[in-house]
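For reference, protein_34.csv is printed below; it contains CSV, C-alpha atoms.
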```
chain,number,residue,atom,x,y,z
A,1,MET,CA,5.5,1.5,-22.7
A,2,THR,CA,2.4,3.5,-22.5
A,3,ASP,CA,-1.2,2.6,-23.4
A,4,SER,CA,-2.7,3.8,-26.6
A,5,PRO,CA,-6.2,5.3,-26.5
A,6,SER,CA,-7.6,2.0,-27.8
A,7,ASP,CA,-5.7,0.1,-25.2
A,8,CYS,CA,-7.3,2.2,-22.4
A,9,LEU,CA,-10.7,1.2,-23.7
A,10,HIS,CA,-9.7,-2.4,-22.9
A,11,ALA,CA,-8.4,-1.6,-19.4
A,12,PRO,CA,-10.6,-3.1,-16.7
A,13,ALA,CA,-12.1,-0.9,-14.0
A,14,ALA,CA,-11.0,-1.3,-10.4
A,15,SER,CA,-13.3,-2.7,-7.9
A,16,ASP,CA,-14.6,-0.6,-5.0
A,17,ALA,CA,-11.7,-1.7,-3.0
A,18,GLY,CA,-9.4,-0.4,-5.7
A,19,GLU,CA,-8.2,-3.8,-6.6
A,20,VAL,CA,-8.6,-5.1,-10.1
A,21,THR,CA,-9.3,-8.8,-10.1
A,22,ASN,CA,-7.2,-11.3,-11.9
A,23,THR,CA,-10.3,-12.4,-13.9
A,24,ALA,CA,-10.8,-8.8,-15.1
A,25,LEU,CA,-7.1,-8.4,-15.8
A,26,LEU,CA,-6.7,-11.6,-17.8
A,27,ALA,CA,-9.9,-10.8,-19.8
A,28,ALA,CA,-8.4,-7.4,-20.6
A,29,CYS,CA,-5.1,-9.0,-21.6
A,30,ARG,CA,-7.0,-11.2,-24.0
A,31,SER,CA,-8.3,-8.0,-25.5
A,32,GLY,CA,-4.8,-6.7,-25.9
A,33,SER,CA,-4.5,-4.4,-22.9
A,34,ARG,CA,-0.8,-3.8,-22.3
A,35,ALA,CA,-1.6,-2.0,-19.0
A,36,SER,CA,-3.4,-5.1,-17.7
A,37,TRP,CA,-0.5,-7.3,-18.7
A,38,GLN,CA,1.9,-5.0,-17.0
A,39,THR,CA,-0.2,-5.3,-13.8
A,40,ILE,CA,-0.1,-9.1,-14.0
A,41,VAL,CA,3.6,-9.0,-14.4
A,42,ALA,CA,4.0,-6.6,-11.5
A,43,ARG,CA,1.9,-8.8,-9.3
A,44,TYR,CA,3.5,-12.1,-10.0
A,45,GLU,CA,7.1,-11.5,-11.3
A,46,ARG,CA,8.3,-11.8,-7.7
A,47,LEU,CA,6.4,-15.0,-7.1
A,48,VAL,CA,7.7,-16.7,-10.3
A,49,PHE,CA,11.3,-15.6,-9.9
A,50,GLY,CA,11.3,-16.5,-6.2
A,51,VAL,CA,9.9,-20.0,-6.8
A,52,ALA,CA,12.4,-20.6,-9.5
A,53,ARG,CA,15.3,-19.6,-7.2
A,54,ARG,CA,13.9,-21.7,-4.4
A,55,GLU,CA,13.8,-24.6,-6.8
A,56,GLY,CA,17.6,-24.3,-6.8
A,57,LEU,CA,18.2,-22.4,-10.1
A,58,ALA,CA,21.0,-19.9,-10.6
A,59,VAL,CA,19.9,-16.3,-11.1
A,60,GLU,CA,20.4,-16.6,-14.9
A,61,ASP,CA,18.3,-19.8,-15.1
A,62,ALA,CA,15.6,-18.3,-12.8
A,63,HIS,CA,15.5,-15.2,-15.1
A,64,ASP,CA,15.1,-17.5,-18.2
A,65,VAL,CA,12.5,-19.6,-16.5
A,66,THR,CA,10.5,-16.5,-15.4
A,67,GLN,CA,10.5,-15.3,-19.0
A,68,SER,CA,9.4,-18.7,-20.2
A,69,VAL,CA,6.6,-18.9,-17.7
A,70,PHE,CA,5.2,-15.6,-18.6
A,71,GLU,CA,5.4,-16.5,-22.3
A,72,GLN,CA,3.4,-19.6,-21.5
A,73,LEU,CA,0.9,-17.6,-19.6
A,74,PHE,CA,0.5,-15.2,-22.5
A,75,ASP,CA,0.1,-18.1,-24.9
A,76,SER,CA,-2.5,-19.7,-22.5
A,77,LEU,CA,-4.7,-16.6,-21.9
A,78,GLU,CA,-7.6,-18.2,-23.9
A,79,ARG,CA,-7.4,-21.5,-22.1
A,80,ILE,CA,-7.0,-20.5,-18.4
A,81,GLU,CA,-10.3,-21.8,-16.9
A,82,HIS,CA,-9.9,-20.2,-13.4
A,83,PRO,CA,-8.3,-16.8,-13.8
A,84,GLU,CA,-8.6,-16.1,-10.1
A,85,GLN,CA,-6.2,-19.0,-9.5
A,86,VAL,CA,-3.6,-17.7,-11.9
A,87,ALA,CA,-1.0,-17.7,-9.0
A,88,TRP,CA,-1.6,-21.4,-8.7
A,89,TRP,CA,-1.1,-21.8,-12.4
A,90,LEU,CA,2.0,-19.7,-12.4
A,91,MET,CA,3.5,-21.6,-9.5
A,92,THR,CA,2.8,-25.0,-11.0
A,93,VAL,CA,4.3,-24.0,-14.4
A,94,THR,CA,7.3,-22.4,-12.7
A,95,ARG,CA,8.1,-25.5,-10.7
A,96,ARG,CA,7.6,-27.7,-13.7
A,97,THR,CA,9.8,-25.5,-15.9
A,98,ALA,CA,12.5,-25.1,-13.3
A,99,TRP,CA,12.5,-28.8,-12.7
A,100,ARG,CA,13.0,-29.4,-16.4
A,101,VAL,CA,16.0,-27.1,-16.4
A,102,ARG,CA,17.5,-28.8,-13.5
A,103,SER,CA,16.9,-32.2,-15.0
A,104,ARG,CA,18.4,-31.1,-18.3
A,105,GLU,CA,21.5,-29.8,-16.5
A,106,ARG,CA,21.8,-33.1,-14.6
A,107,ARG,CA,21.5,-35.1,-17.8
A,108,GLU,CA,24.1,-32.9,-19.5
A,109,ALA,CA,26.4,-33.3,-16.5
A,110,ALA,CA,26.0,-37.0,-16.4
A,111,SER,CA,25.3,-37.7,-20.0
A,112,THR,CA,23.7,-41.0,-19.0
A,113,THR,CA,20.1,-40.3,-18.5
A,114,THR,CA,17.7,-40.6,-21.5
A,115,ASP,CA,14.6,-38.6,-22.5
A,116,ASP,CA,12.6,-41.5,-21.0
A,117,ASP,CA,13.7,-40.5,-17.6
A,118,PRO,CA,10.6,-41.2,-15.4
A,119,LEU,CA,11.5,-38.1,-13.4
A,120,LEU,CA,10.4,-36.0,-16.4
A,121,ASP,CA,6.9,-37.0,-15.6
A,122,ASP,CA,5.2,-33.7,-14.8
A,123,THR,CA,3.3,-35.3,-11.9
A,124,ALA,CA,6.6,-35.7,-10.1
A,125,VAL,CA,7.0,-32.0,-9.9
A,126,ALA,CA,4.2,-30.7,-7.8
A,127,GLY,CA,5.6,-31.1,-4.3
A,128,PRO,CA,3.4,-31.0,-1.2
A,129,GLU,CA,0.1,-29.4,-2.0
A,130,SER,CA,-0.3,-27.9,1.4
A,131,GLU,CA,3.1,-26.1,1.0
A,132,THR,CA,1.9,-24.7,-2.4
A,133,VAL,CA,-1.3,-23.5,-0.9
A,134,ARG,CA,0.4,-21.7,2.0
A,135,THR,CA,2.8,-20.1,-0.4
A,136,ILE,CA,0.1,-18.8,-2.7
A,137,TRP,CA,-2.2,-17.8,0.2
A,138,LEU,CA,0.6,-15.8,1.8
A,139,TYR,CA,1.6,-14.2,-1.5
A,140,GLU,CA,-1.9,-13.2,-2.4
A,141,SER,CA,-2.6,-11.8,1.0
A,142,MET,CA,0.5,-9.7,0.8
A,143,LEU,CA,-0.7,-8.4,-2.5
A,144,ARG,CA,-4.0,-7.3,-0.9
A,145,LEU,CA,-2.2,-5.2,1.7
A,146,PRO,CA,-1.9,-1.5,1.1
A,147,GLU,CA,1.3,-0.7,-0.6
A,148,PRO,CA,3.1,0.9,2.4
A,149,CYS,CA,2.3,-2.2,4.5
A,150,ARG,CA,3.3,-4.5,1.8
A,151,GLN,CA,6.7,-2.8,1.3
A,152,LEU,CA,7.4,-2.7,5.0
A,153,LEU,CA,6.6,-6.3,5.7
A,154,HIS,CA,8.5,-7.3,2.5
A,155,HIS,CA,11.6,-5.5,3.7
A,156,LEU,CA,11.4,-6.9,7.2
A,157,TYR,CA,10.5,-10.5,6.6
A,158,PHE,CA,11.0,-11.5,2.9
A,159,ASP,CA,14.4,-9.9,2.2
A,160,PRO,CA,17.0,-12.6,2.6
A,161,THR,CA,19.5,-10.0,3.8
A,162,MET,CA,17.3,-9.5,6.9
A,163,PRO,CA,17.8,-5.7,7.2
A,164,SER,CA,17.6,-4.0,10.6
A,165,TYR,CA,14.8,-1.6,11.5
A,166,ALA,CA,17.3,1.2,10.9
A,167,ASP,CA,18.1,-0.1,7.4
A,168,VAL,CA,14.4,-0.5,6.6
A,169,ALA,CA,13.7,3.0,7.9
A,170,ILE,CA,16.3,4.4,5.5
A,171,ARG,CA,15.0,2.4,2.5
A,172,LEU,CA,11.5,3.6,3.1
A,173,GLY,CA,12.3,7.1,4.2
A,174,ARG,CA,10.5,6.8,7.5
A,175,PRO,CA,11.5,7.5,11.1
A,176,VAL,CA,13.1,4.4,12.6
A,177,GLY,CA,10.8,4.8,15.6
A,178,SER,CA,7.7,4.3,13.4
A,179,ILE,CA,8.8,0.9,12.0
A,180,GLY,CA,7.9,-1.2,15.0
A,181,PRO,CA,4.4,0.2,15.6
A,182,THR,CA,3.6,0.3,11.9
A,183,ARG,CA,4.8,-3.2,11.4
A,184,ALA,CA,2.5,-4.4,14.2
A,185,ARG,CA,-0.5,-2.8,12.6
A,186,CYS,CA,0.5,-4.2,9.2
A,187,LEU,CA,0.9,-7.7,10.6
A,188,GLU,CA,-2.5,-7.5,12.2
A,189,ARG,CA,-4.0,-6.6,8.8
A,190,LEU,CA,-2.2,-9.4,7.2
A,191,ARG,CA,-3.4,-11.9,9.8
A,192,THR,CA,-7.0,-10.7,9.1
A,193,LEU,CA,-6.5,-11.2,5.4
A,194,LEU,CA,-5.1,-14.7,5.9
A,195,GLU,CA,-8.0,-15.6,8.1
A,196,ASP,CA,-10.4,-14.5,5.4
A,197,GLY,CA,-8.8,-17.0,3.1
A,198,PRO,CA,-7.7,-16.7,-0.5
A,199,SER,CA,-9.7,-14.4,-2.7
B,1,MET,CA,15.4,-15.4,17.2
B,2,THR,CA,12.3,-16.3,19.2
B,3,ALA,CA,11.5,-16.4,22.8
B,4,ASP,CA,9.9,-19.3,24.7
B,5,VAL,CA,7.1,-19.1,27.2
B,6,PRO,CA,8.6,-19.7,30.6
B,7,GLU,CA,7.4,-22.9,32.2
B,8,HIS,CA,6.5,-21.1,35.4
B,9,PRO,CA,5.6,-17.5,34.7
B,10,GLU,CA,5.6,-15.6,37.9
B,11,GLY,CA,3.2,-12.8,38.9
B,12,PRO,CA,0.1,-11.6,37.1
B,13,PRO,CA,0.4,-10.6,33.5
B,14,LEU,CA,0.3,-6.9,32.8
B,15,ARG,CA,-2.9,-5.7,31.4
B,16,ASP,CA,-1.2,-3.3,29.0
B,17,VAL,CA,0.6,-6.0,27.0
B,18,GLY,CA,-0.4,-5.5,23.4
B,19,VAL,CA,-0.1,-7.4,20.2
B,20,ALA,CA,2.9,-5.2,19.2
B,21,GLN,CA,4.8,-6.4,22.2
B,22,VAL,CA,3.9,-10.0,21.5
B,23,PHE,CA,5.4,-9.6,18.1
B,24,ASP,CA,8.5,-8.0,19.6
B,25,TRP,CA,8.7,-10.8,22.1
B,26,VAL,CA,8.5,-13.5,19.5
B,27,GLU,CA,11.3,-11.8,17.6
B,28,GLY,CA,13.4,-11.5,20.7
B,29,ARG,CA,13.5,-7.7,20.6
B,30,LEU,CA,12.6,-7.2,24.3
B,31,ASP,CA,14.9,-7.0,27.3
B,32,ALA,CA,14.6,-9.7,29.9
B,33,ASP,CA,12.2,-7.9,32.2
B,34,ALA,CA,9.8,-6.9,29.3
B,35,ALA,CA,10.1,-10.4,27.8
B,36,GLY,CA,9.2,-12.0,31.1
B,37,ARG,CA,6.1,-9.8,31.4
B,38,VAL,CA,5.0,-10.5,27.9
B,39,ALA,CA,5.6,-14.2,28.3
B,40,ALA,CA,3.4,-14.2,31.4
B,41,ALA,CA,0.7,-12.4,29.6
B,42,VAL,CA,0.8,-14.8,26.7
B,43,GLY,CA,0.7,-17.7,29.0
B,44,ALA,CA,-2.5,-16.3,30.6
B,45,ASP,CA,-4.3,-15.0,27.6
B,46,ASP,CA,-5.5,-17.2,24.8
B,47,GLU,CA,-5.9,-14.4,22.3
B,48,LEU,CA,-2.3,-13.1,22.9
B,49,ALA,CA,-1.1,-16.7,22.7
B,50,SER,CA,-2.9,-17.1,19.3
B,51,TYR,CA,-1.1,-14.0,18.0
B,52,ALA,CA,2.2,-15.4,19.2
B,53,GLU,CA,1.5,-18.7,17.5
B,54,TRP,CA,0.4,-17.1,14.3
B,55,PHE,CA,3.4,-14.9,14.2
B,56,ARG,CA,5.8,-17.8,14.6
B,57,SER,CA,4.1,-19.6,11.8
B,58,PHE,CA,4.3,-16.4,9.6
B,59,LEU,CA,8.0,-16.0,10.3
B,60,ALA,CA,8.7,-19.6,9.3
B,61,ASP,CA,6.7,-19.1,6.1
B,62,ALA,CA,8.3,-15.8,5.3
B,63,GLN,CA,11.7,-17.2,5.8
B,64,ALA,CA,10.9,-20.1,3.5
B,65,GLU,CA,9.6,-17.6,0.8
B,66,ALA,CA,12.4,-15.1,1.1
B,67,ALA,CA,14.1,-14.4,-2.2
B,68,GLU,CA,16.2,-11.7,-3.6
B,69,GLU,CA,14.7,-9.1,-6.0
B,70,SER,CA,14.5,-10.2,-9.6
B,71,PRO,CA,17.1,-8.6,-11.9
B,72,PRO,CA,16.1,-5.2,-13.3
B,73,VAL,CA,16.6,-6.4,-16.9
B,74,LEU,CA,13.7,-8.9,-16.4
B,75,ARG,CA,10.7,-6.6,-16.0
B,76,PRO,CA,10.8,-4.9,-19.4
B,77,ARG,CA,11.3,-8.2,-21.1
B,78,LEU,CA,8.2,-9.6,-19.3
B,79,GLU,CA,6.2,-6.6,-20.2
B,80,ALA,CA,7.2,-6.9,-23.8
B,81,ILE,CA,5.7,-10.4,-24.0
B,82,GLY,CA,2.2,-8.8,-23.6
B,83,ASP,CA,2.8,-5.9,-26.0
B,84,PRO,CA,1.5,-6.8,-29.5
B,85,ALA,CA,3.4,-3.8,-30.8
B,86,SER,CA,6.7,-4.9,-29.3
B,87,GLN,CA,9.5,-5.4,-31.7
B,88,PRO,CA,12.5,-7.6,-31.3
B,89,GLY,CA,15.3,-5.6,-29.8
B,90,ARG,CA,17.4,-3.8,-32.3
B,91,GLN,CA,20.9,-5.2,-32.8
B,92,VAL,CA,23.8,-2.8,-33.2
B,93,VAL,CA,27.6,-3.1,-33.2
B,94,ALA,CA,29.4,-0.7,-30.9
B,95,SER,CA,32.0,1.5,-32.4
B,96,VAL,CA,35.1,2.0,-30.3
B,97,VAL,CA,36.0,5.5,-29.3
B,98,VAL,CA,38.8,4.8,-26.9
B,99,ASP,CA,40.8,1.6,-26.6
B,100,THR,CA,43.7,2.0,-24.1
B,101,ARG,CA,45.6,-0.9,-25.8
B,102,ARG,CA,46.1,1.4,-28.8
B,103,ALA,CA,47.7,3.9,-26.6
B,104,GLN,CA,50.2,1.2,-25.6
B,105,LEU,CA,50.9,0.3,-29.2
B,106,THR,CA,51.5,3.8,-30.3
B,107,GLY,CA,53.9,4.5,-27.5
B,108,VAL,CA,52.0,6.9,-25.3
B,109,ARG,CA,54.5,7.5,-22.5
B,110,SER,CA,52.0,7.0,-19.7
B,111,ALA,CA,51.0,3.6,-21.0
B,112,GLY,CA,52.7,0.6,-19.4
B,113,ARG,CA,55.1,-1.6,-21.4
B,114,ARG,CA,52.7,-4.5,-21.0
B,115,ARG,CA,49.2,-4.0,-19.7
B,116,SER,CA,47.1,-6.7,-18.1
B,117,SER,CA,44.1,-4.4,-18.0
B,118,PHE,CA,42.5,-2.1,-20.5
B,119,ARG,CA,39.5,0.1,-21.0
B,120,LEU,CA,37.1,0.4,-23.9
B,121,GLU,CA,34.9,3.3,-24.4
B,122,CYS,CA,32.3,2.8,-27.2
B,123,GLU,CA,29.1,4.3,-28.7
B,124,ALA,CA,26.1,2.5,-30.1
B,125,ASP,CA,22.7,3.8,-30.9
B,126,ASP,CA,22.8,6.8,-28.6
B,127,HIS,CA,24.2,4.6,-25.8
B,128,GLU,CA,27.7,5.1,-24.3
B,129,ILE,CA,29.5,2.0,-23.1
B,130,VAL,CA,32.5,1.8,-20.8
B,131,VAL,CA,34.2,-1.5,-20.2
B,132,ASP,CA,37.1,-2.2,-17.9
B,133,LEU,CA,38.9,-5.5,-18.3
B,134,SER,CA,41.5,-6.8,-16.0
B,135,ASP,CA,43.6,-9.9,-15.8
B,136,ALA,CA,42.8,-12.0,-12.8
B,137,ASP,CA,45.1,-15.1,-12.6
B,138,GLY,CA,44.8,-15.8,-16.3
B,139,ARG,CA,41.2,-15.0,-16.5
B,140,LEU,CA,39.3,-11.7,-17.1
B,141,ASP,CA,37.3,-9.7,-14.7
B,142,ILE,CA,35.0,-7.4,-16.6
B,143,HIS,CA,33.2,-4.3,-15.1
B,144,GLY,CA,31.2,-1.9,-17.2
B,145,GLN,CA,28.4,0.5,-17.6
B,146,VAL,CA,25.9,1.4,-20.3
B,147,LEU,CA,24.7,4.9,-20.2
B,148,SER,CA,21.3,4.9,-21.9
B,149,PRO,CA,19.1,7.7,-23.2
B,150,ASP,CA,16.4,8.6,-20.6
B,151,ASP,CA,13.6,6.8,-22.4
B,152,SER,CA,15.4,3.5,-22.8
B,153,PRO,CA,15.6,0.5,-20.5
B,154,SER,CA,18.7,1.1,-18.5
B,155,ALA,CA,19.5,-2.4,-17.2
B,156,PHE,CA,21.4,-4.8,-19.3
B,157,GLU,CA,22.3,-8.5,-19.4
B,158,VAL,CA,25.9,-9.1,-20.3
B,159,ALA,CA,27.3,-12.2,-22.1
B,160,ALA,CA,30.9,-13.0,-22.9
B,161,MET,CA,31.4,-14.6,-26.3
B,162,ARG,CA,34.0,-16.7,-27.9
B,163,SER,CA,33.6,-17.6,-31.6
B,164,GLY,CA,29.9,-16.8,-31.5
B,165,SER,CA,29.2,-19.0,-28.5
B,166,THR,CA,28.3,-17.7,-25.0
B,167,VAL,CA,30.9,-18.7,-22.4
B,168,ALA,CA,29.5,-16.7,-19.5
B,169,ARG,CA,26.6,-14.4,-18.8
B,170,ASN,CA,25.2,-12.3,-16.0
B,171,VAL,CA,21.6,-11.0,-15.9
B,172,SER,CA,22.1,-9.1,-12.7
B,173,GLY,CA,23.0,-5.8,-14.3
B,174,ASP,CA,21.8,-2.9,-12.1
B,175,SER,CA,19.3,-0.2,-13.0
B,176,LEU,CA,22.1,2.3,-13.6
B,177,GLY,CA,23.4,0.2,-16.5
B,178,GLY,CA,26.3,-1.3,-14.5
B,179,PHE,CA,27.3,-4.9,-15.2
B,180,ASP,CA,30.0,-7.4,-14.2
B,181,LEU,CA,31.4,-10.7,-15.3
B,182,LEU,CA,34.1,-12.2,-13.2
B,183,ALA,CA,36.8,-14.8,-14.0
B,184,VAL,CA,35.8,-15.4,-17.6
B,185,PRO,CA,38.2,-17.1,-20.0
B,186,ALA,CA,40.9,-14.7,-21.2
B,187,ASP,CA,40.3,-15.6,-24.9
B,188,VAL,CA,36.7,-14.2,-25.1
B,189,ASP,CA,36.4,-12.1,-28.2
B,190,ALA,CA,33.2,-10.1,-27.7
B,191,LEU,CA,30.6,-8.9,-25.2
B,192,VAL,CA,27.0,-8.8,-25.9
B,193,LEU,CA,24.9,-6.4,-23.9
B,194,SER,CA,21.1,-6.9,-24.2
B,195,ASN,CA,17.8,-5.9,-22.8
B,196,ALA,CA,14.2,-5.8,-24.1
B,197,ALA,CA,15.0,-2.9,-26.5
B,198,LEU,CA,18.5,-3.4,-27.7
B,199,THR,CA,21.4,-5.8,-28.2
B,200,ILE,CA,24.8,-4.3,-28.4
B,201,ARG,CA,27.9,-6.2,-29.6
B,202,VAL,CA,31.2,-5.0,-28.3
B,203,ALA,CA,34.3,-6.5,-30.0
B,204,LEU,CA,37.2,-7.2,-27.6
B,205,ASP,CA,39.7,-8.5,-30.0
B,206,GLY,CA,40.8,-5.1,-31.1
```
If you took the structure in this file and wrote it as structure tokens, what would it be?
Amino acid sequence: MTDSPSDCLHAPAASDAGEVTNTALLAACRSGSRASWQTIVARYERLVFGVARREGLAVEDAHDVTQSVFEQLFDSLERIEHPEQVAWWLMTVTRRTAWRVRSRERREAASTTTDDDPLLDDTAVAGPESETVRTIWLYESMLRLPEPCRQLLHHLYFDPTMPSYADVAIRLGRPVGSIGPTRARCLERLRTLLEDGPS
Amino acid sequence: MTADVPEHPEGPPLRDVGVAQVFDWVEGRLDADAAGRVAAAVGADDELASYAEWFRSFLADAQAEAAEESPPVLRPRLEAIGDPASQPGRQVVASVVVDTRRAQLTGVRSAGRRRSSFRLECEADDHEIVVDLSDADGRLDIHGQVLSPDDSPSAFEVAAMRSGSTVARNVSGDSLGGFDLLAVPADVDALVLSNAALTIRVALDG
């Protein structure tokens, strides 16, 4: 899927730091920029799918929930009041949607619960706010790292298979001896970003 | 896999202990001697101690957030949501080129008298599909691959159908077009392979 010339006219410019803000991206999406939508998808697909999985959904259900959440985002482009907090919006909607899937599965399994189930109240979904803040803060800070750092830290610390330095070196095509020192520098950068607070 | 600060670190901390070693120490990557030196340094230096504390917290958060990659079939579907020119995926029916069950029926010598597994080779809309089906204790294990033209999405979701209803599905097809469905009911009559661009129906009932 490539941008048409008219689509390029809508694409937002990058900031001096080379990072296009979510506000600019969502504004461009509202104007029909496919490239901006692709960037939003690339930024947050992992967050949404990961949250859905951690909410206890099977891969197939997490796939469907992720699709549903991005459909809801697209349908809500005109109504999102705080575009810079789109990660928060996505996480909340994902947890709510995942919870509804689980609830429906439980009802189908038990065939005893009604639609009046009080657990269907959306307010019951949110979970501890501090946990949500930490998740989003860490995710957004990882996004702000340079790509090589982001990839390295992701492989080392966010891959549930917990690959060794040797495995990570092979995946990234780097000498194994460079992994430790590079990871230390990347962690220091991440720590600085986290201390700066969410953008 | 973390190390604790000894209660009674002995000797002065080495001045050359750096943040990288603190990270190694927290992860338990150092031998006993090096770990002891770093532990002593951390115990005597508030800044190093703060790095150790932060890294432990980071590891806990990262472990809680760890998740496998999303299936390759997902990304093109998400991108299509924001594409006003996006069309619903085309729907095609695969035509069978090779069905090894037919070889059995027509008496090819190499074919077994009764086969509990068979292969289908099909074509659909410039795609080639190979499906191997094998009996597994009265159920079917299905392995296959879709070979797509270069400019088409290559990962597919697979669903096993019976009388038009989905009885099993797997969205974790790989980016080379490979797909699996294990232990599905033996009476499924079709597979449906789908992604953002295409839906292919493969009849299994011969």
Mind listing whatever residues come within 10 Å of the point (12.3, -20.6, 0.0)? Use all atoms listed in the file, file coordinates, and give them as a VMD selection string.
-> (chain A and resid 50 to 56 135 158 160) or (chain B and resid 61 to 67)
I need the residues from that last selection saved to file as a PDB file, in the frame of the given file (with C-alpha atoms), if you can.
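Output (out31.pdb):
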```pdb
ATOM      1  CA  GLY A  50      11.300 -16.500  -6.200  1.00  0.00           C
ATOM      2  CA  VAL A  51       9.900 -20.000  -6.800  1.00  0.00           C
ATOM      3  CA  ALA A  52      12.400 -20.600  -9.500  1.00  0.00           C
ATOM      4  CA  ARG A  53      15.300 -19.600  -7.200  1.00  0.00           C
ATOM      5  CA  ARG A  54      13.900 -21.700  -4.400  1.00  0.00           C
ATOM      6  CA  GLU A  55      13.800 -24.600  -6.800  1.00  0.00           C
ATOM      7  CA  GLY A  56      17.600 -24.300  -6.800  1.00  0.00           C
ATOM      8  CA  THR A 135       2.800 -20.100  -0.400  1.00  0.00           C
ATOM      9  CA  PHE A 158      11.000 -11.500   2.900  1.00  0.00           C
ATOM     10  CA  PRO A 160      17.000 -12.600   2.600  1.00  0.00           C
TER      11      PRO A 160
ATOM     12  CA  ASP B  61       6.700 -19.100   6.100  1.00  0.00           C
ATOM     13  CA  ALA B  62       8.300 -15.800   5.300  1.00  0.00           C
ATOM     14  CA  GLN B  63      11.700 -17.200   5.800  1.00  0.00           C
ATOM     15  CA  ALA B  64      10.900 -20.100   3.500  1.00  0.00           C
ATOM     16  CA  GLU B  65       9.600 -17.600   0.800  1.00  0.00           C
ATOM     17  CA  ALA B  66      12.400 -15.100   1.100  1.00  0.00           C
ATOM     18  CA  ALA B  67      14.100 -14.400  -2.200  1.00  0.00           C
TER      19      ALA B  67
END
```
Please report as a PDB file with C-alpha atoms, keeping the file's coordinate frame which residues of chain A come no farther than 6 Å from chain B, using only C-alpha atoms.
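Contents of the output file out34.pdb:
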```
ATOM      1  CA  ARG A  34      -0.800  -3.800 -22.300  1.00  0.00           C
ATOM      2  CA  TRP A  37      -0.500  -7.300 -18.700  1.00  0.00           C
ATOM      3  CA  GLN A  38       1.900  -5.000 -17.000  1.00  0.00           C
ATOM      4  CA  GLY A  50      11.300 -16.500  -6.200  1.00  0.00           C
ATOM      5  CA  GLU A  60      20.400 -16.600 -14.900  1.00  0.00           C
ATOM      6  CA  TYR A 157      10.500 -10.500   6.600  1.00  0.00           C
ATOM      7  CA  PHE A 158      11.000 -11.500   2.900  1.00  0.00           C
ATOM      8  CA  ASP A 159      14.400  -9.900   2.200  1.00  0.00           C
ATOM      9  CA  PRO A 160      17.000 -12.600   2.600  1.00  0.00           C
ATOM     10  CA  ALA A 184       2.500  -4.400  14.200  1.00  0.00           C
TER      11      ALA A 184
END
```
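Checking B:Asp126, B:Asp16, B:Glu53, B:Asp46 one by one against Leu198 (chain B), counting only C-alpha atoms, you find the shortest gap at B:Asp126.
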Among B:Leu133, B:Ala124, B:Ala196, B:Val167, Ser148 (chain B) is approached most closely, using only C-alpha atoms, by B:Ala124
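The two atoms in question, CA of Val48 (chain A) and CA of Thr97 (chain A), are spaced 10.6 Å apart.
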Using all atoms listed in the file, determine which residues lie at most 6 Å from Asp99 (chain B), disregarding the query and same-chain residues fewer than 2 positions distant; provide the list as a PyMOL selection string.
-> chain B and resi 101-102+119-120
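With CA of Arg162 (chain B) on one side and CA of Val65 (chain A) on the other, the separation reads 24.5 Å.
CA of Thr94 (chain A) to CA of Leu73 (chain A) spans 10.6 Å [interatomic distance, one decimal].
Nearest to Thr199 (chain B) of all the residues B:Ser152, B:Ser50, B:Gln91, B:Ser134 is B:Gln91, counting all atoms listed in the file.
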Among listed residues B:Leu182, B:Phe118, B:Glu123, B:Ala52, nearest Val92 (chain B) (using only C-alpha atoms) | B:Glu123
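Nearest residue to Cys122 (chain B) among B:Ala41, B:Gln145, B:Gly138, B:Ala183 is B:Gln145, counting only C-alpha atoms.
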Counting all atoms listed in the file, write as a PyMOL selection string all protein and nucleic acid residues lying at most 10 Å from (4.7, -11.0, -8.7) in the file's frame.
-> (chain A and resi 39-50+87+90+139-140+143) or (chain B and resi 70)
Hey, which of A:Glu78, A:Thr66, A:Ala110, A:Leu138 ends up closest to Leu194 (chain A)? Count all atoms listed in the file.
-> A:Leu138
